[in-house]
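Dumped data_26.cif below, it's mmCIF, C-alpha atoms:
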data_protein
#
loop_
_atom_site.label_atom_id
_atom_site.label_comp_id
_atom_site.auth_asym_id
_atom_site.auth_seq_id
_atom_site.Cartn_x
_atom_site.Cartn_y
_atom_site.Cartn_z
CA SER A 927 0.00 0.00 0.00
CA SER A 928 1.28 3.46 -0.86
CA PRO A 929 1.60 6.20 1.78
CA PRO A 930 -1.19 8.77 1.90
CA SER A 931 -0.67 11.92 -0.09
CA LEU A 932 1.09 14.69 1.80
CA THR A 933 -0.95 17.33 -0.01
CA PRO A 934 -4.05 18.11 2.05
CA LYS A 935 -7.37 17.95 0.26
CA TYR A 936 -9.91 20.60 1.12
CA ALA A 937 -13.67 20.69 0.62
CA VAL A 938 -13.67 24.38 -0.29
CA ASP A 939 -10.94 26.66 -1.55
CA ARG A 940 -9.30 29.05 0.90
CA SER A 941 -10.55 32.25 -0.76
CA ILE A 942 -14.23 31.46 -0.25
CA HIS A 943 -14.50 29.50 2.96
CA ALA A 944 -12.51 28.48 5.97
CA ILE A 945 -10.47 25.37 5.25
CA LEU A 946 -12.27 22.14 6.02
CA PRO A 947 -10.78 18.71 5.47
CA ALA A 948 -12.50 16.65 2.80
CA PRO A 949 -14.63 13.78 4.12
CA LEU A 950 -12.74 10.53 4.48
CA GLU A 951 -13.49 7.87 1.92
CA ASN A 952 -13.93 4.30 3.18
CA CYS A 953 -13.81 5.45 6.81
CA ASN A 954 -14.75 2.68 9.26
CA SER A 955 -15.91 5.06 11.99
CA SER A 956 -19.49 4.82 13.20
CA PHE A 957 -20.03 8.45 12.16
CA HIS A 958 -19.68 7.66 8.46
CA THR A 959 -21.92 5.11 6.83
CA SER A 960 -20.64 2.73 4.21
CA THR A 961 -23.92 2.68 2.27
CA PRO A 962 -24.58 5.65 0.01
CA ARG A 963 -27.42 7.94 0.99
CA PRO A 964 -30.27 8.44 -1.46
CA PRO A 965 -30.07 11.78 -3.27
CA GLN A 966 -32.16 14.54 -1.77
CA HIS A 967 -34.52 16.33 -4.07
CA THR A 968 -34.26 20.00 -3.23
CA PRO A 969 -35.48 22.99 -5.23
CA SER A 970 -31.83 23.74 -6.08
CA SER A 971 -31.34 20.28 -7.58
CA GLU A 972 -34.52 20.76 -9.60
CA ASP A 973 -33.02 24.04 -10.90
CA GLY A 974 -29.98 22.16 -12.21
CA ILE A 975 -27.53 22.86 -9.38
CA SER A 976 -25.32 19.88 -8.61
CA PRO A 977 -25.40 18.42 -5.07
CA ILE A 978 -21.71 19.25 -4.62
CA THR A 979 -22.25 22.91 -5.56
CA GLU A 980 -25.28 23.12 -3.29
CA ARG A 981 -23.30 21.61 -0.42
CA LEU A 982 -20.43 24.07 -0.91
CA HIS A 983 -22.82 27.01 -0.93
CA ARG A 984 -24.51 25.75 2.23
CA LEU A 985 -21.12 25.35 3.92
CA HIS A 986 -20.24 28.88 2.89
CA GLY A 987 -23.57 30.09 4.31
CA THR A 988 -23.03 28.42 7.67
CA SER A 989 -19.53 29.88 7.78
CA LEU A 990 -21.05 33.33 7.26
CA LEU A 991 -23.55 32.63 10.04
CA LEU A 992 -20.75 31.66 12.42
CA ASP A 993 -18.65 34.72 11.59
CA ALA A 994 -21.63 37.05 11.97
CA SER A 995 -22.75 35.40 15.22
CA THR A 996 -19.25 35.81 16.62
CA LEU A 997 -19.02 39.47 15.60
CA LEU A 998 -22.49 40.20 16.99
CA ARG A 999 -21.61 38.33 20.21
CA LEU A 1000 -24.56 36.00 19.91
CA PRO A 1001 -24.64 32.84 22.04
CA PRO A 1002 -24.03 29.43 20.41
CA SER A 1003 -27.71 28.52 20.67
CA THR A 1004 -28.56 31.47 18.42
CA TYR A 1005 -25.95 30.34 15.90
CA ALA A 1006 -27.44 26.83 15.94
CA THR A 1007 -30.94 28.24 15.43
CA SER A 1008 -29.75 30.40 12.53
CA CYS A 1009 -28.16 27.33 10.88
CA THR A 1010 -31.38 25.36 11.31
CA ILE A 1011 -33.45 28.14 9.75
CA PHE A 1012 -30.89 28.52 6.95
CA HIS A 1013 -30.96 24.83 5.99
CA ARG A 1014 -34.74 24.65 6.23
CA MET A 1015 -35.02 27.62 3.90
CA TYR A 1016 -32.95 25.85 1.26
CA HIS A 1017 -35.11 22.74 1.54
CA ARG A 1018 -37.96 24.91 0.26
CA LEU A 1019 -36.19 27.56 -1.85
CA SER A 1020 -33.61 27.38 -4.63
CA LEU A 1021 -30.09 28.74 -4.50
CA ARG A 1022 -30.71 30.11 -7.98
CA GLN A 1023 -33.50 32.39 -6.75
CA HIS A 1024 -32.20 33.38 -3.29
CA ASP A 1025 -28.55 34.22 -2.65
CA ILE A 1026 -26.58 32.98 0.35
CA TRP A 1027 -25.73 36.42 1.74
CA SER A 1028 -29.33 37.66 1.96
CA MET A 1029 -30.54 34.40 3.46
CA ALA A 1030 -27.72 34.30 6.02
CA LEU A 1031 -28.45 37.89 7.05
CA ALA A 1032 -32.17 37.15 7.43
CA CYS A 1033 -31.52 33.94 9.35
CA THR A 1034 -29.20 35.71 11.78
CA PHE A 1035 -31.79 38.40 12.42
CA VAL A 1036 -34.68 35.93 12.86
CA ALA A 1037 -32.64 33.57 15.06
CA GLY A 1038 -31.80 36.49 17.36
CA LYS A 1039 -35.50 37.20 17.74
CA VAL A 1040 -36.40 33.54 18.29
CA GLU A 1041 -33.71 33.02 20.91
CA GLU A 1042 -34.54 36.34 22.61
CA GLU A 1043 -31.10 37.75 21.79
CA PRO A 1044 -32.21 40.41 19.29
CA ARG A 1045 -29.74 42.71 17.62
CA PRO A 1046 -30.74 45.90 15.82
CA VAL A 1047 -31.27 45.48 12.08
CA ARG A 1048 -28.62 48.11 11.47
CA SER A 1049 -26.03 46.11 13.45
CA VAL A 1050 -26.79 42.92 11.55
CA ILE A 1051 -26.58 44.69 8.18
CA LEU A 1052 -23.32 46.44 9.08
CA THR A 1053 -21.84 43.13 10.29
CA TYR A 1054 -22.65 41.43 6.99
CA SER A 1055 -21.32 44.35 4.97
CA HIS A 1056 -18.09 44.08 7.00
CA LEU A 1057 -17.93 40.33 6.26
CA TYR A 1058 -18.58 41.00 2.57
CA ARG A 1059 -15.65 43.45 2.37
CA ARG A 1060 -13.20 41.01 4.02
#

Could you write out this file's structure as structure tokens?
Amino acid sequence: SSPPSLTPKYAVDRSIHAILPAPLENCNSSFHTSTPRPPQHTPSSEDGISPITERLHRLHGTSLLLDASTLLRLPPSTYATSCTIFHRMYHRLSLRQHDIWSMALACTFVAGKVEEEPRPVRSVILTYSHLYRR
């Protein structure tokens, strides 16, 4: 057997998203299943967006949510709620019709209200404009 490659493989390139290791293939851990999952039919897949592209955009969106939650000093429960709202939105709406930035901003604002940690709309918008300029 040959030694594993020394070059790390990343799920998303460094310029768009924080570096995440690619999922392990043929991993025997109980976390990963050896049987393939059935494809999910989402509005994005019906609009012709590949599952890999959709996954990368969702990862980017959750990264935005984390960065914004950190800058707004929101508790982890609010971040988790915003991620839940974000993913539920994309089970009903297409990436082609609704961009990641607007959805992430809206999810952060709504999650703050739901978790009773509201932030002013102006603060949320300024935080996302700061993230956009980075």

Please provide as a PyMOL selection string all residues within 12 Å of His1056 (chain A), with the sequence filter that same-chain residues fewer than 5 positions apart are discarded (counting only C-alpha atoms).
-> chain A and resi 990+993-994+997-998+1049-1051

Which one of A:Leu991, A:Leu1019, A:Leu1052, A:Leu1057 sits closest to Val1036 (chain A) if you count all atoms listed in the file?
-> A:Leu991

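As for CA of Leu1031 (chain A) and CA of Arg1060 (chain A), they are spaced 15.9 Å apart.
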
Out of A:Thr996, A:Trp1027, A:Thr1004, A:Met1015, which residue has the shortest atom-to-atom distance to Ser1055 (chain A) when counting all atoms listed in the file?
->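 Closest to Ser1055 (chain A) of all the choices is A:Trp1027.
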
Select, counting all atoms listed in the file, all protein, DNA and RNA residues no farther than 8 Å from (-26.0, 27.4, 1.6) in file coordinates, and express the selection as a PDB file with C-alpha atoms, keeping the file's coordinate frame.
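Output (selection01.pdb):
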ATOM      1  CA  GLU A 980     -25.280  23.120  -3.290  1.00  0.00           C
ATOM      2  CA  ARG A 981     -23.300  21.610  -0.420  1.00  0.00           C
ATOM      3  CA  LEU A 982     -20.430  24.070  -0.910  1.00  0.00           C
ATOM      4  CA  HIS A 983     -22.820  27.010  -0.930  1.00  0.00           C
ATOM      5  CA  ARG A 984     -24.510  25.750   2.230  1.00  0.00           C
ATOM      6  CA  LEU A 985     -21.120  25.350   3.920  1.00  0.00           C
ATOM      7  CA  HIS A 986     -20.240  28.880   2.890  1.00  0.00           C
ATOM      8  CA  GLY A 987     -23.570  30.090   4.310  1.00  0.00           C
ATOM      9  CA  THR A 988     -23.030  28.420   7.670  1.00  0.00           C
ATOM     10  CA  PHE A1012     -30.890  28.520   6.950  1.00  0.00           C
ATOM     11  CA  HIS A1013     -30.960  24.830   5.990  1.00  0.00           C
ATOM     12  CA  TYR A1016     -32.950  25.850   1.260  1.00  0.00           C
ATOM     13  CA  LEU A1021     -30.090  28.740  -4.500  1.00  0.00           C
ATOM     14  CA  ILE A1026     -26.580  32.980   0.350  1.00  0.00           C
TER      15      ILE A1026
END

Computed interatomic separation between CA of Ile975 (chain A) and CA of Arg1014 (chain A) (Å) = 17.3 Å

d(CA of Arg1018 (chain A), CA of Thr968 (chain A)) in Å =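 Computing it gives 7.1 Å between the two atoms.
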
Please enclose the listed atoms of region 1027-1045 of chain A in an axis-aligned box, pad each side by 4 Å, and write out the centre and the three edge lengths in Å, rounded to one decimal, as lines of an AutoDock Vina configuration file.
center_x = -31.1
center_y = 37.9
center_z = 12.2
size_x = 18.7
size_y = 17.7
size_z = 28.9

Run the PyMOL selection byres ((chain A and resi 1040-1043) around 12) on the file and write out the hits as an MDAnalysis selection string.
-> chainID A and resid 995 998:1008 1010:1011 1033:1039 1044:1046

So which residues get picked by the PyMOL selection byres ((chain A and resi 969) around 7) here, written as a list in words?
-> His967, Thr968, Ser970, Ser971, Glu972, Asp973, His1017, Arg1018, Leu1019 and Ser1020 of chain A
